[in-house]
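Participant: Before we start, here is the structure in question, set down as structure tokens.
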2 protein chains.
Amino acid sequence: MLPPTLILASGSEIRARLLTQAGVRFETRPVRIDENAVRDAFLAEGASPRDLADALAEMKALRPRIVDVLVLGADQVLECDGRIYAKPETPVDAIDHLRQLSGRTHHLYSAAVVCRDGVPLWRHVGHVRMTMHPLSEAFIRDYVARNWDSIRHAVGCYKLEEEGVRLFSRIDGDYFSILGLPLIELLTWLRARGEMST
Amino acid sequence: MLPPTLILASGSEIRARLLTQAGVRFETRPVRIDENAVRDAFLAEGASPRDLADALAEMKALRPRIVDVLVLGADQVLECDGRIYAKPETPVDAIDHLRQLSGRTHHLYSAAVVCRDGVPLWRHVGHVRMTMHPLSEAFIRDYVARNWDSIRHAVGCYKLEEEGVRLFSRIDGDYFSILGLPLIELLTWLRARGEMST
């Protein structure tokens, strides 16, 4: 058995699936961060959504105490008209978020940081602009009822690889950053280090 | 049972999956076009890759003889340094194509046309720029051996949702156009017609 190329410091199913499909050898170590507290502290200091995503990804990458191995942390922040949106905690939250995002352009910042022995070695923040159609109240309620089990884990209350694609009139940016991991940039860095052959 | 919103004039699994995930009601009617003959005829007349993709999509959309229903045809054309690449017919083809694409930027043109009663009602061609890492001969051979069953159906010999993502250093353009259907634009048009609520 070859050793893993990296440790994924995240319990996110989609990030694990992306790495698996790309052929990266990895092990998973989910970490717990009080994201709400970190977010509030950062925003109180006037940090940008991009810096917040980057900081949360780094915190996750620094958490597992494992020596001599690459650790990947990742985080995604959604900003719309100056407000940051976390994952919806209830269907009522999801309905509220979608009402706010309806007909507007929001921004996704998808950050990844790789650390080794407590030192950040690489970082990248992908940025995507997402424009939603104006959504009717009836559609929002039906959509949330149909999709709650899936979208409860999704910032923005959509999965683009499912019915969420219907919500959008325009998308500018990288698909993998929408899913929550700037995969092309990560793989390119691993390749340059000789961790993955091509 | 509600009637289908459209007929998909294609046997492509990925296009069917995209429509299903987006919640479009459709039926499939695969059509056969001699794509090589059409391509050769068009290119002999100096047509662009974009026009070729558009023409092939329209031919497919016009083929099913069904009255009073929307018929969707789609096609994807890959161009690199002036050469058009069809799907690989053999692993040797795939190795040859990847040798040519290695280290270069190629262009994908992903066309969709919707017809009704033999009249085109809507068309769109998505364009994506894809830049590959320089690939070693050994990697290309191993990659084709590992992935042949999957990539034999793929123009360019890659599936971005699988190991193919490793091949790329940069991608500029829409993910759905890479998969072979400009889905956001299609759904937006269906929505504007009142065929899909949001």
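Chain labels run A, B, ... following the order of the structure tokens; each chain numbers its residues from 1, and ligands are numbered from 1 in the order shown.
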Wanna dump the chain A-chain B contacts at 7 Å for me, each residue with its shortest atom pair and the distance in Å to one decimal, counting only C-alpha atoms, ordered by chain and number, as CSV?
Facilitator:
```
residue,atom,partner,partner_atom,distance
A:Gln21,CA,B:Glu162,CA,4.7
A:Ala22,CA,B:Glu163,CA,4.3
A:Gly23,CA,B:Glu163,CA,6.0
A:Leu135,CA,B:Thr198,CA,5.2
A:Ser136,CA,B:Thr198,CA,6.1
A:Phe139,CA,B:Thr198,CA,5.3
A:Glu161,CA,B:Gln21,CA,6.9
A:Glu162,CA,B:Gln21,CA,4.7
A:Glu163,CA,B:Ala22,CA,4.3
A:Val165,CA,B:Ala22,CA,6.2
A:Arg166,CA,B:Ala22,CA,6.2
A:Phe168,CA,B:Ile184,CA,6.8
A:Ser169,CA,B:Thr188,CA,6.1
A:Tyr175,CA,B:Tyr175,CA,5.9
A:Ile184,CA,B:Ser169,CA,6.4
A:Leu187,CA,B:Arg166,CA,6.4
A:Thr188,CA,B:Ser169,CA,6.1
A:Thr198,CA,B:Leu135,CA,5.3
```
Participant: Keeping only N, CA, C and O atoms, write the selected residues as a PDB file, in the first residue's frame.
Facilitator:
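Saved result, again-v2.pdb, follows:
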```pdb
ATOM      1  N   GLN A  21     -12.260  10.874  -7.351  1.00  0.00           N
ATOM      2  CA  GLN A  21     -12.419  10.807  -8.805  1.00  0.00           C
ATOM      3  C   GLN A  21     -11.149  11.223  -9.529  1.00  0.00           C
ATOM      4  O   GLN A  21     -10.837  10.714 -10.606  1.00  0.00           O
ATOM      5  N   ALA A  22     -10.414  12.161  -8.930  1.00  0.00           N
ATOM      6  CA  ALA A  22      -9.187  12.642  -9.565  1.00  0.00           C
ATOM      7  C   ALA A  22      -8.020  11.682  -9.355  1.00  0.00           C
ATOM      8  O   ALA A  22      -6.945  11.876  -9.917  1.00  0.00           O
ATOM      9  N   GLY A  23      -8.224  10.660  -8.528  1.00  0.00           N
ATOM     10  CA  GLY A  23      -7.170   9.678  -8.317  1.00  0.00           C
ATOM     11  C   GLY A  23      -6.158  10.062  -7.252  1.00  0.00           C
ATOM     12  O   GLY A  23      -5.049   9.515  -7.229  1.00  0.00           O
ATOM     13  N   LEU A 135     -36.899  34.351  -8.437  1.00  0.00           N
ATOM     14  CA  LEU A 135     -37.626  33.133  -8.077  1.00  0.00           C
ATOM     15  C   LEU A 135     -38.946  33.506  -7.407  1.00  0.00           C
ATOM     16  O   LEU A 135     -38.987  34.407  -6.563  1.00  0.00           O
ATOM     17  N   SER A 136     -40.015  32.811  -7.773  1.00  0.00           N
ATOM     18  CA  SER A 136     -41.304  33.094  -7.126  1.00  0.00           C
ATOM     19  C   SER A 136     -41.337  32.460  -5.740  1.00  0.00           C
ATOM     20  O   SER A 136     -40.642  31.473  -5.468  1.00  0.00           O
ATOM     21  N   PHE A 139     -42.292  28.847  -5.989  1.00  0.00           N
ATOM     22  CA  PHE A 139     -41.201  27.981  -6.436  1.00  0.00           C
ATOM     23  C   PHE A 139     -40.216  27.727  -5.307  1.00  0.00           C
ATOM     24  O   PHE A 139     -39.770  26.593  -5.080  1.00  0.00           O
ATOM     25  N   GLU A 161     -25.054  20.326  -9.309  1.00  0.00           N
ATOM     26  CA  GLU A 161     -25.104  19.040 -10.004  1.00  0.00           C
ATOM     27  C   GLU A 161     -26.468  18.381  -9.834  1.00  0.00           C
ATOM     28  O   GLU A 161     -26.680  17.265 -10.314  1.00  0.00           O
ATOM     29  N   GLU A 162     -27.407  19.074  -9.174  1.00  0.00           N
ATOM     30  CA  GLU A 162     -28.776  18.558  -9.049  1.00  0.00           C
ATOM     31  C   GLU A 162     -29.738  19.639  -9.562  1.00  0.00           C
ATOM     32  O   GLU A 162     -29.399  20.352 -10.489  1.00  0.00           O
ATOM     33  N   GLU A 163     -30.913  19.741  -8.922  1.00  0.00           N
ATOM     34  CA  GLU A 163     -31.906  20.692  -9.441  1.00  0.00           C
ATOM     35  C   GLU A 163     -31.446  22.141  -9.318  1.00  0.00           C
ATOM     36  O   GLU A 163     -32.004  23.031  -9.987  1.00  0.00           O
ATOM     37  N   VAL A 165     -29.211  23.777 -10.585  1.00  0.00           N
ATOM     38  CA  VAL A 165     -28.816  24.424 -11.841  1.00  0.00           C
ATOM     39  C   VAL A 165     -29.961  25.260 -12.419  1.00  0.00           C
ATOM     40  O   VAL A 165     -29.738  26.240 -13.129  1.00  0.00           O
ATOM     41  N   ARG A 166     -31.195  24.895 -12.092  1.00  0.00           N
ATOM     42  CA  ARG A 166     -32.351  25.642 -12.605  1.00  0.00           C
ATOM     43  C   ARG A 166     -32.432  27.060 -12.072  1.00  0.00           C
ATOM     44  O   ARG A 166     -33.135  27.902 -12.635  1.00  0.00           O
ATOM     45  N   PHE A 168     -30.220  29.345 -11.901  1.00  0.00           N
ATOM     46  CA  PHE A 168     -29.231  30.330 -12.368  1.00  0.00           C
ATOM     47  C   PHE A 168     -29.430  30.771 -13.821  1.00  0.00           C
ATOM     48  O   PHE A 168     -29.731  29.961 -14.695  1.00  0.00           O
ATOM     49  N   SER A 169     -29.197  32.068 -14.031  1.00  0.00           N
ATOM     50  CA  SER A 169     -29.201  32.598 -15.395  1.00  0.00           C
ATOM     51  C   SER A 169     -27.788  32.749 -15.911  1.00  0.00           C
ATOM     52  O   SER A 169     -27.564  32.792 -17.117  1.00  0.00           O
ATOM     53  N   TYR A 175     -16.112  25.452 -12.049  1.00  0.00           N
ATOM     54  CA  TYR A 175     -17.094  24.524 -11.492  1.00  0.00           C
ATOM     55  C   TYR A 175     -16.631  23.915 -10.179  1.00  0.00           C
ATOM     56  O   TYR A 175     -17.410  23.757  -9.244  1.00  0.00           O
ATOM     57  N   ILE A 184      -8.457  22.003  -9.814  1.00  0.00           N
ATOM     58  CA  ILE A 184      -7.432  22.115 -10.873  1.00  0.00           C
ATOM     59  C   ILE A 184      -6.149  22.699 -10.288  1.00  0.00           C
ATOM     60  O   ILE A 184      -5.047  22.198 -10.523  1.00  0.00           O
ATOM     61  N   LEU A 187      -4.447  20.153  -7.866  1.00  0.00           N
ATOM     62  CA  LEU A 187      -3.782  19.058  -8.585  1.00  0.00           C
ATOM     63  C   LEU A 187      -2.525  19.559  -9.300  1.00  0.00           C
ATOM     64  O   LEU A 187      -1.515  18.858  -9.370  1.00  0.00           O
ATOM     65  N   THR A 188      -2.606  20.786  -9.825  1.00  0.00           N
ATOM     66  CA  THR A 188      -1.453  21.357 -10.520  1.00  0.00           C
ATOM     67  C   THR A 188      -0.286  21.549  -9.552  1.00  0.00           C
ATOM     68  O   THR A 188       0.875  21.272  -9.887  1.00  0.00           O
ATOM     69  N   THR A 198       2.007  13.002 -14.238  1.00  0.00           N
ATOM     70  CA  THR A 198       1.261  13.097 -15.492  1.00  0.00           C
ATOM     71  C   THR A 198       2.280  13.093 -16.603  1.00  0.00           C
ATOM     72  O   THR A 198       2.748  14.071 -17.029  1.00  0.00           O
TER      73      THR A 198
END
```
Participant: Hey, could you make a per-residue contact list for region 18-37 of chain B against region 8-11 of chain B with 7 Å as the cut-off, showing the nearest pair of atoms and its distance in Å to one decimal, counting only C-alpha atoms, sorted by chain and number, as a tab-separated table?
Facilitator:
```
residue	atom	partner	partner_atom	distance
B:Phe26	CA	B:Leu8	CA	6.6
B:Glu27	CA	B:Leu8	CA	6.1
B:Thr28	CA	B:Leu8	CA	4.7
B:Arg29	CA	B:Ala9	CA	4.9
B:Pro30	CA	B:Ser10	CA	4.2
B:Val31	CA	B:Ala9	CA	5.9
```
Participant: Let's see if you can do this: from backbone DSSP, list all helix (DSSP H, G or I) residues in region 1-147 of chain A, as a PyMOL selection string.
Facilitator: chain A and resi 13-22+35-44+49-62+91-101+137-147
Participant: When DSSP works through the backbone of this structure, what residues of region 135-188 of chain B end up as strand (DSSP E or B), shown as a VMD selection string?
Facilitator: chain B and resid 168 to 172
Participant: Which residues come within 10 Å of Asp68 (chain B), counting only C-alpha atoms, excluding same-chain residues fewer than 5 positions away, as a CSV table (one decimal) with C-alpha atoms, in the first residue's frame?
Facilitator:
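So around.csv came out as:
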```csv
chain,number,residue,atom,x,y,z
B,115,CYS,CA,-36.6,22.6,-33.2
B,116,ARG,CA,-40.4,22.2,-33.4
B,117,ASP,CA,-42.1,20.8,-36.4
B,118,GLY,CA,-38.9,21.2,-38.4
```
Participant: As a list in words, please: the residues near Leu52 (chain A) (cut-off 10 Å, only C-alpha atoms, same-chain neighbours under 4 positions excluded).
Facilitator: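 The residues satisfying every condition are Glu35, Val38, Arg39, Asp40, Ala41, Phe42, Leu43, Gly46, Ala47, Ser48, Leu56, Ala57, Glu58, Asp75, Gln76, Val77, Tyr109 and Ala111 of chain A.
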